[in-house]
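Working notes, beginning with the structure itself.
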Amino acid sequence: MGVPYFLVKSVLAGIPIGLAFLDIVGYVARVEGASMQPALNPGHTDTDYVFLSRWSVRHLELHRGDVVSLVSPKHPERRILKRVLALEGDVISTIGYYKPYVTVPEGHFWIEGDNTGNSLDSNTFGPVALGLVTARATCIVWPPSRWQILPSFMPPKRQPIVRSEKAS
C-alpha cells in the first residue's frame, strides 16, 4: 500500500512555503556563549532560544539598542548576536579598540555584547557593514520560564558621545 497522493502533494507544496517563511519572516535560533549576558543565557547552564525576525531588517533599518544577528566579520562562517550601540555618523568611545573614539562611517554600525570584556564585537573588529545583518532578535521563545520580548535598550554607560540625526 503506497502513500496517499494528497499527502505527497501536501508535503511537496509545504516545503517551498516553509522555506519562504524561514527566509522572509524569520526563524528560531539557539544562543550560545556568554557575550550577551545577562539579557541572554543569564546563568552558566542556561541556553536561550530566540526568534530572529528577518522581516524587521529587510530594509536595514536598525535602531540603537536592537539585538541583531549578523555574519561575523572575523569568522564569516559564523553568525553572531550583538546589540547595536551606534549608527552611521555617531561618535562612540571604544573599549580596547586601537582608537579611543570612532566615528561610525556611512553604511556601518557599531555592535557590542552586553557582557563587556567577554565578547568578540566592534571593539575587536571595528565598525560593521550594514550588509552583514541577517535578522533582529525579537523575543526569547525557550525555555518557557524565560518567555519575553527582548527590549531594545541602550546600556547607560555605552551611549554614543555624538549622535547622528538618524532616528534611534
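Identifiers in the C-alpha cells: chain A, B, ... in order shown; residue index from 1 per chain; ligand index from 1 in order shown.
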Residues within 12 Å of region 158-163 of chain A, please, as a PyMOL selection string. Count only C-alpha atoms; anything in the same chain fewer than 5 positions from it doesn't count.
chain A and resi 64-65+83-95+100-104+109-114+116+153+168
Write the residues of the selection above to a file with C-alpha atoms, as a tab-separated table (two decimals), in the first residue's frame.
```tsv
chain	number	residue	atom	x	y	z
A	64	ARG	CA	20.25	51.87	18.74
A	65	GLY	CA	19.64	49.18	21.32
A	83	ARG	CA	23.48	44.89	20.48
A	84	VAL	CA	23.56	47.91	18.15
A	85	LEU	CA	25.16	50.82	20.04
A	86	ALA	CA	25.90	53.37	17.33
A	87	LEU	CA	24.71	54.13	13.82
A	88	GLU	CA	26.43	55.83	10.90
A	89	GLY	CA	27.63	59.30	11.84
A	90	ASP	CA	27.65	58.59	15.60
A	91	VAL	CA	30.83	59.04	17.61
A	92	ILE	CA	31.35	56.33	20.23
A	93	SER	CA	34.03	55.69	22.81
A	94	THR	CA	35.66	52.31	22.43
A	95	ILE	CA	36.82	49.66	24.88
A	100	PRO	CA	39.71	55.69	21.80
A	101	TYR	CA	36.86	57.20	19.75
A	102	VAL	CA	35.34	56.15	16.43
A	103	THR	CA	33.03	58.00	14.08
A	104	VAL	CA	30.89	55.27	12.53
A	109	PHE	CA	27.16	50.46	12.66
A	110	TRP	CA	28.85	49.68	15.99
A	111	ILE	CA	27.90	46.49	17.88
A	112	GLU	CA	28.84	45.15	21.30
A	113	GLY	CA	27.89	42.26	23.52
A	114	ASP	CA	26.19	43.15	26.81
A	116	THR	CA	31.71	43.69	28.08
A	153	PHE	CA	17.66	49.43	25.22
A	168	SER	CA	17.14	55.93	17.47
```
Tell me which protein, DNA and RNA residues are within 9 Å of Ala137 (chain A), counting only C-alpha atoms, leaving out same-chain ones fewer than 6 positions away, and put them as number ranges by chain.
A: 50-54, 66-69, 81, 150
Long-range neighbours of Trp55 (chain A) as a list in words, 10 Å cut-off, only C-alpha atoms, 2 positions minimum in chain
Phe21, Leu22, Asp23, Ile24, Val25, Gly26, Leu52, Ser53, Val57, Arg58, His59, Leu60, Thr134, Ala135 and Arg136 of chain A
Compare A:Phe125, A:Met154, A:Lys9, A:Ser35 by their minimum atom-to-atom distance to His75 (chain A), counting only C-alpha atoms, and give me the closest one.
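Counting only C-alpha atoms, the residue closest to His75 (chain A) is A:Phe125.
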Between A:Thr138, A:Ser10, A:Pro144, A:Val133, smallest distance to Leu62 (chain A) by only C-alpha atoms belongs to A:Val133
Backbone-only DSSP, strand (DSSP E or B) members of region 19-128 of chain A, as JSON, numbers by chain:
{"A": [26, 27, 28, 29, 30, 49, 50, 51, 52, 53, 67, 68, 69, 70, 71, 79, 80, 81, 82, 83, 84, 85, 86, 87, 91, 92, 93, 101, 102, 103, 108, 109, 110, 111, 112, 128]}
Coordinates-based distance that separates CA of Ile80 (chain A) from CA of Asp121 (chain A) (Å, one decimal)
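Separation of CA of Asp121 (chain A) and CA of Ile80 (chain A): 9.0 Å.
If only C-alpha atoms are the atoms counted, then among A:Gly117, A:Arg30, A:Ser152, A:Gly131 the closest residue to Leu70 (chain A) is A:Gly131.
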